[in-house]
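K.L.:
Structure supplied as target.cif; contents: mmCIF, N, CA, C and O atoms.
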```
data_coords
loop_
_atom_site.label_atom_id
_atom_site.label_comp_id
_atom_site.auth_asym_id
_atom_site.auth_seq_id
_atom_site.Cartn_x
_atom_site.Cartn_y
_atom_site.Cartn_z
N MET A 1 91.52 6.42 -35.18
CA MET A 1 91.37 7.25 -34.01
C MET A 1 92.39 8.38 -34.06
O MET A 1 93.58 8.15 -34.24
N THR A 2 91.93 9.60 -33.91
CA THR A 2 92.80 10.76 -33.92
C THR A 2 93.05 11.19 -32.48
O THR A 2 92.13 11.34 -31.69
N MET A 3 94.31 11.39 -32.17
CA MET A 3 94.68 11.84 -30.83
C MET A 3 94.75 13.36 -30.81
O MET A 3 95.27 13.97 -31.76
N HIS A 4 94.23 13.98 -29.76
CA HIS A 4 94.28 15.42 -29.59
C HIS A 4 94.94 15.73 -28.26
O HIS A 4 94.69 15.06 -27.27
N THR A 5 95.75 16.77 -28.25
CA THR A 5 96.36 17.21 -27.00
C THR A 5 95.33 18.01 -26.23
O THR A 5 94.80 19.01 -26.73
N THR A 6 95.01 17.56 -25.04
CA THR A 6 94.02 18.25 -24.23
C THR A 6 94.64 18.91 -23.01
O THR A 6 94.02 19.76 -22.40
N VAL A 7 95.82 18.50 -22.66
CA VAL A 7 96.48 19.06 -21.48
C VAL A 7 97.99 18.90 -21.66
O VAL A 7 98.45 18.01 -22.36
N GLY A 8 98.74 19.77 -21.03
CA GLY A 8 100.19 19.65 -21.03
C GLY A 8 100.72 19.85 -19.63
O GLY A 8 100.12 20.57 -18.83
N TRP A 9 101.79 19.18 -19.32
CA TRP A 9 102.45 19.33 -18.03
C TRP A 9 103.81 19.95 -18.27
O TRP A 9 104.52 19.60 -19.22
N HIS A 10 104.20 20.82 -17.36
CA HIS A 10 105.54 21.40 -17.41
C HIS A 10 106.30 20.91 -16.18
O HIS A 10 105.84 21.10 -15.06
N VAL A 11 107.44 20.30 -16.43
CA VAL A 11 108.29 19.80 -15.35
C VAL A 11 109.47 20.76 -15.21
O VAL A 11 110.09 21.12 -16.20
N GLU A 12 109.76 21.15 -13.98
CA GLU A 12 110.90 22.01 -13.71
C GLU A 12 111.96 21.23 -12.96
O GLU A 12 111.64 20.45 -12.06
N LEU A 13 113.20 21.44 -13.33
CA LEU A 13 114.34 20.86 -12.63
C LEU A 13 115.29 21.98 -12.24
O LEU A 13 115.62 22.82 -13.08
N GLU A 14 115.70 21.98 -10.99
CA GLU A 14 116.70 22.93 -10.53
C GLU A 14 117.84 22.17 -9.89
O GLU A 14 117.62 21.14 -9.25
N PHE A 15 119.05 22.70 -10.02
CA PHE A 15 120.23 22.02 -9.51
C PHE A 15 121.01 22.93 -8.56
O PHE A 15 121.08 24.13 -8.76
N ARG A 16 121.59 22.30 -7.54
CA ARG A 16 122.56 22.94 -6.64
C ARG A 16 123.79 22.06 -6.66
O ARG A 16 123.68 20.84 -6.52
N GLU A 17 124.95 22.68 -6.80
CA GLU A 17 126.18 21.89 -6.94
C GLU A 17 127.32 22.48 -6.14
O GLU A 17 127.39 23.69 -5.92
N ASP A 18 128.23 21.60 -5.73
CA ASP A 18 129.54 22.01 -5.27
C ASP A 18 130.53 21.09 -5.97
O ASP A 18 130.18 20.40 -6.92
N ASP A 19 131.76 21.03 -5.51
CA ASP A 19 132.78 20.22 -6.21
C ASP A 19 132.53 18.72 -6.10
O ASP A 19 133.05 17.95 -6.90
N GLN A 20 131.78 18.28 -5.12
CA GLN A 20 131.57 16.85 -4.88
C GLN A 20 130.14 16.38 -5.09
O GLN A 20 129.93 15.21 -5.39
N ARG A 21 129.16 17.25 -4.90
CA ARG A 21 127.77 16.83 -4.89
C ARG A 21 126.90 17.67 -5.82
O ARG A 21 127.13 18.86 -5.97
N THR A 22 125.89 17.02 -6.37
CA THR A 22 124.87 17.71 -7.15
C THR A 22 123.51 17.28 -6.59
O THR A 22 123.27 16.09 -6.40
N GLN A 23 122.67 18.24 -6.30
CA GLN A 23 121.31 17.99 -5.83
C GLN A 23 120.34 18.52 -6.88
O GLN A 23 120.53 19.62 -7.41
N ALA A 24 119.31 17.73 -7.18
CA ALA A 24 118.29 18.14 -8.14
C ALA A 24 116.94 18.17 -7.45
O ALA A 24 116.63 17.30 -6.63
N ALA A 25 116.14 19.17 -7.77
CA ALA A 25 114.77 19.26 -7.30
C ALA A 25 113.87 19.29 -8.53
O ALA A 25 114.09 20.09 -9.45
N ALA A 26 112.88 18.39 -8.55
CA ALA A 26 111.94 18.31 -9.67
C ALA A 26 110.56 18.71 -9.18
O ALA A 26 110.17 18.42 -8.06
N LEU A 27 109.82 19.39 -10.05
CA LEU A 27 108.47 19.85 -9.72
C LEU A 27 107.60 19.74 -10.97
O LEU A 27 108.03 20.12 -12.06
N VAL A 28 106.41 19.18 -10.79
CA VAL A 28 105.41 19.20 -11.86
C VAL A 28 104.14 19.80 -11.28
O VAL A 28 103.73 19.45 -10.17
N ARG A 29 103.57 20.75 -12.01
CA ARG A 29 102.28 21.35 -11.63
C ARG A 29 101.22 20.70 -12.50
O ARG A 29 101.30 20.74 -13.72
N LEU A 30 100.23 20.12 -11.84
CA LEU A 30 99.17 19.42 -12.55
C LEU A 30 98.00 20.36 -12.84
O LEU A 30 97.84 21.38 -12.17
N PRO A 31 97.20 20.03 -13.84
CA PRO A 31 96.09 20.90 -14.23
C PRO A 31 95.10 21.20 -13.11
O PRO A 31 94.43 22.23 -13.14
N ASP A 32 95.01 20.32 -12.10
CA ASP A 32 94.08 20.58 -10.99
C ASP A 32 94.67 21.54 -9.95
O ASP A 32 94.06 21.81 -8.93
N GLY A 33 95.87 22.05 -10.21
CA GLY A 33 96.51 23.00 -9.31
C GLY A 33 97.44 22.36 -8.30
O GLY A 33 98.18 23.06 -7.61
N SER A 34 97.43 21.04 -8.21
CA SER A 34 98.32 20.36 -7.26
C SER A 34 99.74 20.32 -7.83
O SER A 34 99.95 20.46 -9.03
N GLU A 35 100.69 20.14 -6.95
CA GLU A 35 102.09 20.03 -7.32
C GLU A 35 102.66 18.75 -6.75
O GLU A 35 102.29 18.34 -5.65
N VAL A 36 103.55 18.14 -7.49
CA VAL A 36 104.28 16.97 -7.01
C VAL A 36 105.76 17.33 -7.10
O VAL A 36 106.22 17.82 -8.13
N ARG A 37 106.47 17.09 -6.00
CA ARG A 37 107.90 17.44 -5.91
C ARG A 37 108.72 16.19 -5.59
O ARG A 37 108.23 15.28 -4.91
N ALA A 38 109.95 16.20 -6.04
CA ALA A 38 110.86 15.09 -5.75
C ALA A 38 112.30 15.61 -5.80
O ALA A 38 112.56 16.69 -6.35
N HIS A 39 113.20 14.82 -5.23
CA HIS A 39 114.61 15.21 -5.18
C HIS A 39 115.50 14.03 -5.59
O HIS A 39 115.10 12.88 -5.44
N GLY A 40 116.67 14.36 -6.07
CA GLY A 40 117.66 13.35 -6.41
C GLY A 40 119.04 13.92 -6.20
O GLY A 40 119.22 15.14 -6.17
N GLY A 41 120.00 13.06 -6.05
CA GLY A 41 121.35 13.53 -5.82
C GLY A 41 122.40 12.66 -6.49
O GLY A 41 122.13 11.54 -6.90
N ALA A 42 123.58 13.23 -6.62
CA ALA A 42 124.73 12.50 -7.15
C ALA A 42 125.97 12.98 -6.41
O ALA A 42 126.07 14.16 -6.07
N THR A 43 126.88 12.07 -6.15
CA THR A 43 128.13 12.40 -5.49
C THR A 43 129.28 11.94 -6.37
O THR A 43 129.31 10.80 -6.82
N ARG A 44 130.22 12.84 -6.61
CA ARG A 44 131.38 12.51 -7.43
C ARG A 44 132.42 11.80 -6.58
O ARG A 44 132.75 12.25 -5.47
N HIS A 45 132.91 10.68 -7.08
CA HIS A 45 134.00 9.99 -6.39
C HIS A 45 135.26 10.82 -6.54
O HIS A 45 135.51 11.44 -7.58
N GLN A 46 136.07 10.85 -5.52
CA GLN A 46 137.25 11.71 -5.50
C GLN A 46 138.23 11.43 -6.63
O GLN A 46 139.00 12.32 -7.02
N THR A 47 138.22 10.23 -7.20
CA THR A 47 139.14 9.93 -8.29
C THR A 47 138.55 10.24 -9.67
O THR A 47 139.26 10.16 -10.67
N ASP A 48 137.26 10.61 -9.72
CA ASP A 48 136.63 10.94 -11.00
C ASP A 48 136.91 12.39 -11.37
O ASP A 48 137.07 13.26 -10.51
N ALA A 49 136.92 12.64 -12.67
CA ALA A 49 137.07 14.01 -13.17
C ALA A 49 135.85 14.83 -12.78
O ALA A 49 134.75 14.29 -12.65
N ASN A 50 136.06 16.13 -12.60
CA ASN A 50 134.94 17.02 -12.26
C ASN A 50 134.15 17.30 -13.54
O ASN A 50 134.59 18.06 -14.39
N GLN A 51 132.99 16.66 -13.66
CA GLN A 51 132.12 16.83 -14.83
C GLN A 51 130.72 17.21 -14.35
O GLN A 51 129.86 16.34 -14.18
N PRO A 52 130.49 18.49 -14.12
CA PRO A 52 129.20 18.92 -13.56
C PRO A 52 127.99 18.43 -14.36
O PRO A 52 126.96 18.07 -13.78
N ARG A 53 128.09 18.38 -15.68
CA ARG A 53 126.96 17.94 -16.49
C ARG A 53 126.57 16.51 -16.17
O ARG A 53 125.39 16.16 -16.11
N VAL A 54 127.55 15.65 -15.94
CA VAL A 54 127.27 14.25 -15.60
C VAL A 54 126.54 14.18 -14.25
O VAL A 54 125.56 13.45 -14.09
N GLY A 55 127.00 14.97 -13.29
CA GLY A 55 126.32 15.01 -12.00
C GLY A 55 124.88 15.48 -12.13
O GLY A 55 123.97 14.95 -11.49
N GLU A 56 124.65 16.48 -13.00
CA GLU A 56 123.29 16.96 -13.24
C GLU A 56 122.43 15.87 -13.88
O GLU A 56 121.26 15.70 -13.52
N GLU A 57 122.99 15.14 -14.83
CA GLU A 57 122.23 14.08 -15.49
C GLU A 57 121.82 12.99 -14.50
O GLU A 57 120.68 12.52 -14.51
N ILE A 58 122.75 12.60 -13.64
CA ILE A 58 122.45 11.55 -12.66
C ILE A 58 121.45 12.05 -11.62
O ILE A 58 120.44 11.40 -11.35
N ALA A 59 121.72 13.21 -11.05
CA ALA A 59 120.82 13.76 -10.03
C ALA A 59 119.44 14.04 -10.64
O ALA A 59 118.41 13.76 -10.01
N GLY A 60 119.42 14.58 -11.85
CA GLY A 60 118.16 14.87 -12.53
C GLY A 60 117.37 13.61 -12.81
O GLY A 60 116.15 13.56 -12.60
N ALA A 61 118.05 12.57 -13.28
CA ALA A 61 117.37 11.30 -13.56
C ALA A 61 116.80 10.70 -12.28
O ALA A 61 115.67 10.19 -12.28
N ARG A 62 117.54 10.79 -11.20
CA ARG A 62 117.03 10.26 -9.92
C ARG A 62 115.83 11.06 -9.42
O ARG A 62 114.88 10.49 -8.90
N ALA A 63 115.86 12.37 -9.59
CA ALA A 63 114.72 13.19 -9.19
C ALA A 63 113.50 12.88 -10.06
O ALA A 63 112.38 12.77 -9.55
N LEU A 64 113.70 12.72 -11.36
CA LEU A 64 112.59 12.40 -12.26
C LEU A 64 112.04 11.01 -11.97
O LEU A 64 110.82 10.79 -12.05
N ASN A 65 112.91 10.07 -11.62
CA ASN A 65 112.45 8.73 -11.26
C ASN A 65 111.58 8.79 -10.01
O ASN A 65 110.51 8.17 -9.96
N GLU A 66 112.01 9.55 -9.00
CA GLU A 66 111.21 9.70 -7.79
C GLU A 66 109.90 10.41 -8.11
O GLU A 66 108.84 10.06 -7.59
N LEU A 67 109.95 11.41 -8.99
CA LEU A 67 108.74 12.13 -9.39
C LEU A 67 107.75 11.16 -10.05
O LEU A 67 106.55 11.19 -9.75
N ALA A 68 108.25 10.30 -10.91
CA ALA A 68 107.38 9.30 -11.57
C ALA A 68 106.74 8.38 -10.54
O ALA A 68 105.53 8.09 -10.63
N MET A 69 107.49 7.94 -9.56
CA MET A 69 106.93 7.05 -8.54
C MET A 69 105.88 7.78 -7.70
O MET A 69 104.85 7.21 -7.35
N ARG A 70 106.12 9.05 -7.40
CA ARG A 70 105.14 9.81 -6.64
C ARG A 70 103.85 10.02 -7.44
O ARG A 70 102.75 9.99 -6.89
N LEU A 71 103.98 10.23 -8.75
CA LEU A 71 102.80 10.38 -9.59
C LEU A 71 102.02 9.07 -9.67
O LEU A 71 100.78 9.07 -9.63
N LEU A 72 102.73 7.94 -9.76
CA LEU A 72 102.04 6.64 -9.76
C LEU A 72 101.31 6.42 -8.44
O LEU A 72 100.17 5.94 -8.43
N THR A 73 101.95 6.76 -7.34
CA THR A 73 101.30 6.61 -6.03
C THR A 73 100.08 7.51 -5.93
O THR A 73 99.02 7.09 -5.44
N LYS A 74 100.20 8.74 -6.41
CA LYS A 74 99.07 9.68 -6.38
C LYS A 74 97.90 9.11 -7.19
O LYS A 74 96.75 9.12 -6.75
N ALA A 75 98.19 8.62 -8.39
CA ALA A 75 97.14 8.04 -9.23
C ALA A 75 96.51 6.83 -8.57
O ALA A 75 95.28 6.66 -8.58
N HIS A 76 97.34 6.00 -7.99
CA HIS A 76 96.86 4.79 -7.30
C HIS A 76 95.92 5.17 -6.15
O HIS A 76 94.83 4.58 -6.00
N ASP A 77 96.31 6.16 -5.36
CA ASP A 77 95.47 6.62 -4.25
C ASP A 77 94.15 7.19 -4.76
O ASP A 77 93.09 6.99 -4.14
N GLU A 78 94.18 7.89 -5.88
CA GLU A 78 92.95 8.46 -6.44
C GLU A 78 92.02 7.36 -6.96
O GLU A 78 90.80 7.46 -6.82
N ILE A 79 92.59 6.31 -7.54
CA ILE A 79 91.78 5.17 -7.99
C ILE A 79 91.09 4.53 -6.79
O ILE A 79 89.89 4.26 -6.81
N ASP A 80 91.86 4.30 -5.72
CA ASP A 80 91.30 3.70 -4.51
C ASP A 80 90.21 4.58 -3.90
O ASP A 80 89.16 4.08 -3.48
N SER A 81 90.45 5.88 -3.86
CA SER A 81 89.49 6.80 -3.27
C SER A 81 88.18 6.81 -4.07
O SER A 81 87.09 6.80 -3.50
N ALA A 82 88.29 6.82 -5.38
CA ALA A 82 87.10 6.88 -6.23
C ALA A 82 86.33 5.57 -6.22
O ALA A 82 85.10 5.56 -6.31
N SER A 83 87.04 4.46 -6.08
CA SER A 83 86.38 3.15 -6.16
C SER A 83 85.93 2.64 -4.79
O SER A 83 85.09 1.74 -4.72
N GLY A 84 86.52 3.16 -3.73
CA GLY A 84 86.19 2.71 -2.40
C GLY A 84 86.78 1.36 -2.05
O GLY A 84 86.36 0.71 -1.09
N ARG A 85 87.74 0.92 -2.79
CA ARG A 85 88.39 -0.35 -2.52
C ARG A 85 89.88 -0.23 -2.76
O ARG A 85 90.33 0.76 -3.32
N THR A 86 90.62 -1.23 -2.37
CA THR A 86 92.05 -1.25 -2.62
C THR A 86 92.29 -1.92 -3.97
O THR A 86 91.91 -3.06 -4.17
N SER A 87 92.92 -1.18 -4.86
CA SER A 87 93.17 -1.71 -6.20
C SER A 87 94.49 -2.46 -6.25
O SER A 87 95.28 -2.43 -5.31
N HIS A 88 94.72 -3.13 -7.36
CA HIS A 88 95.97 -3.84 -7.56
C HIS A 88 97.10 -2.84 -7.71
O HIS A 88 96.91 -1.74 -8.24
N PRO A 89 98.30 -3.18 -7.25
CA PRO A 89 99.42 -2.26 -7.37
C PRO A 89 99.67 -1.88 -8.83
O PRO A 89 99.49 -2.68 -9.73
N ILE A 90 100.10 -0.64 -9.02
CA ILE A 90 100.49 -0.18 -10.35
C ILE A 90 101.97 -0.49 -10.51
O ILE A 90 102.80 -0.06 -9.72
N HIS A 91 102.28 -1.23 -11.55
CA HIS A 91 103.68 -1.61 -11.79
C HIS A 91 104.28 -0.71 -12.87
O HIS A 91 103.58 -0.30 -13.79
N VAL A 92 105.54 -0.47 -12.75
CA VAL A 92 106.23 0.35 -13.72
C VAL A 92 106.75 -0.51 -14.84
O VAL A 92 107.24 -1.57 -14.67
#
```
Rewrite the coordinates I just gave you, this time as structure tokens.

P.N.:
Amino acid sequence: MTMHTTVGWHVELEFREDDQRTQAAALVRLPDGSEVRAHGGATRHQTDANQPRVGEEIAGARALNELAMRLLTKAHDEIDSASGRTSHPIHV
């Protein structure tokens, strides 16, 4: 079986930071024109060194995790809508 790429998704991440907090916003635009958005955050403990990249990694990972859960929920709702019944939960 040969796999072919038929569609691609582009995920965008944007960050806002200050000395203590990093906020991440994630966005994916789907081929049907819909968008799914999610947010994540990280807070630096006062005794930790100021490492903005680490805050971005944590906040970004949390935003992407929420984005994944929202996509699973969207897919689950679409399965239910198409089938007219309640399907089994989608597990990660």

K.L.:
Can you give me, as a list of chain:residue names, the residues this file yields under the PyMOL selection byres ((chain A and resi 46-62) around 8)?

P.N.:
A:Leu13, A:Glu14, A:Phe15, A:Arg16, A:Glu17, A:Asp18, A:Asp19, A:Gln20, A:Arg21, A:Thr22, A:Gln23, A:Ala24, A:Ala25, A:Ala26, A:Ala38, A:His39, A:Gly40, A:Gly41, A:Ala42, A:Thr43, A:Arg44, A:His45, A:Ala63, A:Leu64, A:Asn65, A:Glu66, A:Leu67, A:Ala68, A:Met69

K.L.:
Determine the axis-aligned bounding box of all atoms of region 43-62 of chain A present in the file, pad each side by 5 Å, and express its centre and edge lengths in Å to one decimal place as lines of an AutoDock Vina configuration file.

P.N.:
```
center_x = 127.1
center_y = 14.4
center_z = -11.0
size_x = 34.4
size_y = 19.0
size_z = 21.0
```

K.L.:
I need the residue nearest Arg37 (chain A) from this list: A:Leu71, A:Ile79, A:Met1, A:Ile90. Use only N, CA, C and O atoms for the distance.

P.N.:
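Distance minimum relative to Arg37 (chain A) lands on A:Leu71.
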
K.L.:
In Å to one decimal, how far is CA of Ala82 (chain A) from CA of Ser34 (chain A)?

P.N.:
17.6 Å

K.L.:
Select from chain A everything DSSP, run on the backbone, classes as helix (DSSP H, G or I), then give the selection as a PyMOL selection string.

P.N.:
chain A and resi 52-83

K.L.:
Put those residues in a file: N, CA, C and O atoms, as a short mmCIF file (atom, residue, chain, number, x, y, z; two decimals), in the coordinates of the input.

P.N.:
```cif
data_model
loop_
_atom_site.label_atom_id
_atom_site.label_comp_id
_atom_site.auth_asym_id
_atom_site.auth_seq_id
_atom_site.Cartn_x
_atom_site.Cartn_y
_atom_site.Cartn_z
N PRO A 52 130.49 18.49 -14.12
CA PRO A 52 129.20 18.92 -13.56
C PRO A 52 127.99 18.43 -14.36
O PRO A 52 126.96 18.07 -13.78
N ARG A 53 128.09 18.38 -15.68
CA ARG A 53 126.96 17.94 -16.49
C ARG A 53 126.57 16.51 -16.17
O ARG A 53 125.39 16.16 -16.11
N VAL A 54 127.55 15.65 -15.94
CA VAL A 54 127.27 14.25 -15.60
C VAL A 54 126.54 14.18 -14.25
O VAL A 54 125.56 13.45 -14.09
N GLY A 55 127.00 14.97 -13.29
CA GLY A 55 126.32 15.01 -12.00
C GLY A 55 124.88 15.48 -12.13
O GLY A 55 123.97 14.95 -11.49
N GLU A 56 124.65 16.48 -13.00
CA GLU A 56 123.29 16.96 -13.24
C GLU A 56 122.43 15.87 -13.88
O GLU A 56 121.26 15.70 -13.52
N GLU A 57 122.99 15.14 -14.83
CA GLU A 57 122.23 14.08 -15.49
C GLU A 57 121.82 12.99 -14.50
O GLU A 57 120.68 12.52 -14.51
N ILE A 58 122.75 12.60 -13.64
CA ILE A 58 122.45 11.55 -12.66
C ILE A 58 121.45 12.05 -11.62
O ILE A 58 120.44 11.40 -11.35
N ALA A 59 121.72 13.21 -11.05
CA ALA A 59 120.82 13.76 -10.03
C ALA A 59 119.44 14.04 -10.64
O ALA A 59 118.41 13.76 -10.01
N GLY A 60 119.42 14.58 -11.85
CA GLY A 60 118.16 14.87 -12.53
C GLY A 60 117.37 13.61 -12.81
O GLY A 60 116.15 13.56 -12.60
N ALA A 61 118.05 12.57 -13.28
CA ALA A 61 117.37 11.30 -13.56
C ALA A 61 116.80 10.70 -12.28
O ALA A 61 115.67 10.19 -12.28
N ARG A 62 117.54 10.79 -11.20
CA ARG A 62 117.03 10.26 -9.92
C ARG A 62 115.83 11.06 -9.42
O ARG A 62 114.88 10.49 -8.90
N ALA A 63 115.86 12.37 -9.59
CA ALA A 63 114.72 13.19 -9.19
C ALA A 63 113.50 12.88 -10.06
O ALA A 63 112.38 12.77 -9.55
N LEU A 64 113.70 12.72 -11.36
CA LEU A 64 112.59 12.40 -12.26
C LEU A 64 112.04 11.01 -11.97
O LEU A 64 110.82 10.79 -12.05
N ASN A 65 112.91 10.07 -11.62
CA ASN A 65 112.45 8.73 -11.26
C ASN A 65 111.58 8.79 -10.01
O ASN A 65 110.51 8.17 -9.96
N GLU A 66 112.01 9.55 -9.00
CA GLU A 66 111.21 9.70 -7.79
C GLU A 66 109.90 10.41 -8.11
O GLU A 66 108.84 10.06 -7.59
N LEU A 67 109.95 11.41 -8.99
CA LEU A 67 108.74 12.13 -9.39
C LEU A 67 107.75 11.16 -10.05
O LEU A 67 106.55 11.19 -9.75
N ALA A 68 108.25 10.30 -10.91
CA ALA A 68 107.38 9.30 -11.57
C ALA A 68 106.74 8.38 -10.54
O ALA A 68 105.53 8.09 -10.63
N MET A 69 107.49 7.94 -9.56
CA MET A 69 106.93 7.05 -8.54
C MET A 69 105.88 7.78 -7.70
O MET A 69 104.85 7.21 -7.35
N ARG A 70 106.12 9.05 -7.40
CA ARG A 70 105.14 9.81 -6.64
C ARG A 70 103.85 10.02 -7.44
O ARG A 70 102.75 9.99 -6.89
N LEU A 71 103.98 10.23 -8.75
CA LEU A 71 102.80 10.38 -9.59
C LEU A 71 102.02 9.07 -9.67
O LEU A 71 100.78 9.07 -9.63
N LEU A 72 102.73 7.94 -9.76
CA LEU A 72 102.04 6.64 -9.76
C LEU A 72 101.31 6.42 -8.44
O LEU A 72 100.17 5.94 -8.43
N THR A 73 101.95 6.76 -7.34
CA THR A 73 101.30 6.61 -6.03
C THR A 73 100.08 7.51 -5.93
O THR A 73 99.02 7.09 -5.44
N LYS A 74 100.20 8.74 -6.41
CA LYS A 74 99.07 9.68 -6.38
C LYS A 74 97.90 9.11 -7.19
O LYS A 74 96.75 9.12 -6.75
N ALA A 75 98.19 8.62 -8.39
CA ALA A 75 97.14 8.04 -9.23
C ALA A 75 96.51 6.83 -8.57
O ALA A 75 95.28 6.66 -8.58
N HIS A 76 97.34 6.00 -7.99
CA HIS A 76 96.86 4.79 -7.30
C HIS A 76 95.92 5.17 -6.15
O HIS A 76 94.83 4.58 -6.00
N ASP A 77 96.31 6.16 -5.36
CA ASP A 77 95.47 6.62 -4.25
C ASP A 77 94.15 7.19 -4.76
O ASP A 77 93.09 6.99 -4.14
N GLU A 78 94.18 7.89 -5.88
CA GLU A 78 92.95 8.46 -6.44
C GLU A 78 92.02 7.36 -6.96
O GLU A 78 90.80 7.46 -6.82
N ILE A 79 92.59 6.31 -7.54
CA ILE A 79 91.78 5.17 -7.99
C ILE A 79 91.09 4.53 -6.79
O ILE A 79 89.89 4.26 -6.81
N ASP A 80 91.86 4.30 -5.72
CA ASP A 80 91.30 3.70 -4.51
C ASP A 80 90.21 4.58 -3.90
O ASP A 80 89.16 4.08 -3.48
N SER A 81 90.45 5.88 -3.86
CA SER A 81 89.49 6.80 -3.27
C SER A 81 88.18 6.81 -4.07
O SER A 81 87.09 6.80 -3.50
N ALA A 82 88.29 6.82 -5.38
CA ALA A 82 87.10 6.88 -6.23
C ALA A 82 86.33 5.57 -6.22
O ALA A 82 85.10 5.56 -6.31
N SER A 83 87.04 4.46 -6.08
CA SER A 83 86.38 3.15 -6.16
C SER A 83 85.93 2.64 -4.79
O SER A 83 85.09 1.74 -4.72
#
```

K.L.:
To one decimal in Å, tell me the separation between atom O of Glu12 (chain A) and atom N of Arg29 (chain A).

P.N.:
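Between these atoms lies a distance of 8.1 Å.
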
K.L.:
May I ask which of the residues A:Trp9, A:Pro31, A:Leu72, A:Glu78 is the closest one to His91 (chain A), counting only C-alpha atoms?

P.N.:
A:Leu72

K.L.:
Please compute the atom O of Thr86 (chain A)-atom O of Arg70 (chain A) distance, one decimal, in Å.

P.N.:
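So the answer is 17.2 Å.
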
K.L.:
Would you fill out region 21-26 of chain A with all heavy atoms and return it as an mmCIF file, in the frame of the given file?

P.N.:
```cif
data_model
loop_
_atom_site.group_PDB
_atom_site.id
_atom_site.type_symbol
_atom_site.label_atom_id
_atom_site.label_comp_id
_atom_site.auth_asym_id
_atom_site.auth_seq_id
_atom_site.Cartn_x
_atom_site.Cartn_y
_atom_site.Cartn_z
ATOM 1 N N ARG A 21 129.160 17.250 -4.900
ATOM 2 C CA ARG A 21 127.770 16.830 -4.890
ATOM 3 C C ARG A 21 126.900 17.670 -5.820
ATOM 4 O O ARG A 21 127.130 18.860 -5.970
ATOM 5 C CB ARG A 21 127.199 16.920 -3.475
ATOM 6 C CG ARG A 21 127.770 15.900 -2.520
ATOM 7 C CD ARG A 21 127.253 16.083 -1.104
ATOM 8 N NE ARG A 21 127.631 17.376 -0.524
ATOM 9 C CZ ARG A 21 128.814 17.641 0.003
ATOM 10 N NH1 ARG A 21 129.745 16.719 0.034
ATOM 11 N NH2 ARG A 21 129.077 18.819 0.520
ATOM 12 N N THR A 22 125.890 17.020 -6.370
ATOM 13 C CA THR A 22 124.870 17.710 -7.150
ATOM 14 C C THR A 22 123.510 17.280 -6.590
ATOM 15 O O THR A 22 123.270 16.090 -6.400
ATOM 16 C CB THR A 22 124.946 17.318 -8.644
ATOM 17 O OG1 THR A 22 126.249 17.631 -9.135
ATOM 18 C CG2 THR A 22 123.893 18.060 -9.447
ATOM 19 N N GLN A 23 122.670 18.240 -6.300
ATOM 20 C CA GLN A 23 121.310 17.990 -5.830
ATOM 21 C C GLN A 23 120.340 18.520 -6.880
ATOM 22 O O GLN A 23 120.530 19.620 -7.410
ATOM 23 C CB GLN A 23 121.056 18.696 -4.494
ATOM 24 C CG GLN A 23 121.920 18.187 -3.366
ATOM 25 C CD GLN A 23 121.591 16.758 -2.994
ATOM 26 O OE1 GLN A 23 120.433 16.361 -2.949
ATOM 27 N NE2 GLN A 23 122.609 15.964 -2.757
ATOM 28 N N ALA A 24 119.310 17.730 -7.180
ATOM 29 C CA ALA A 24 118.290 18.140 -8.140
ATOM 30 C C ALA A 24 116.940 18.170 -7.450
ATOM 31 O O ALA A 24 116.630 17.300 -6.630
ATOM 32 C CB ALA A 24 118.256 17.172 -9.315
ATOM 33 N N ALA A 25 116.140 19.170 -7.770
ATOM 34 C CA ALA A 25 114.770 19.260 -7.300
ATOM 35 C C ALA A 25 113.870 19.290 -8.530
ATOM 36 O O ALA A 25 114.090 20.090 -9.450
ATOM 37 C CB ALA A 25 114.580 20.522 -6.471
ATOM 38 N N ALA A 26 112.880 18.390 -8.550
ATOM 39 C CA ALA A 26 111.940 18.310 -9.670
ATOM 40 C C ALA A 26 110.560 18.710 -9.180
ATOM 41 O O ALA A 26 110.170 18.420 -8.060
ATOM 42 C CB ALA A 26 111.907 16.896 -10.236
#
```
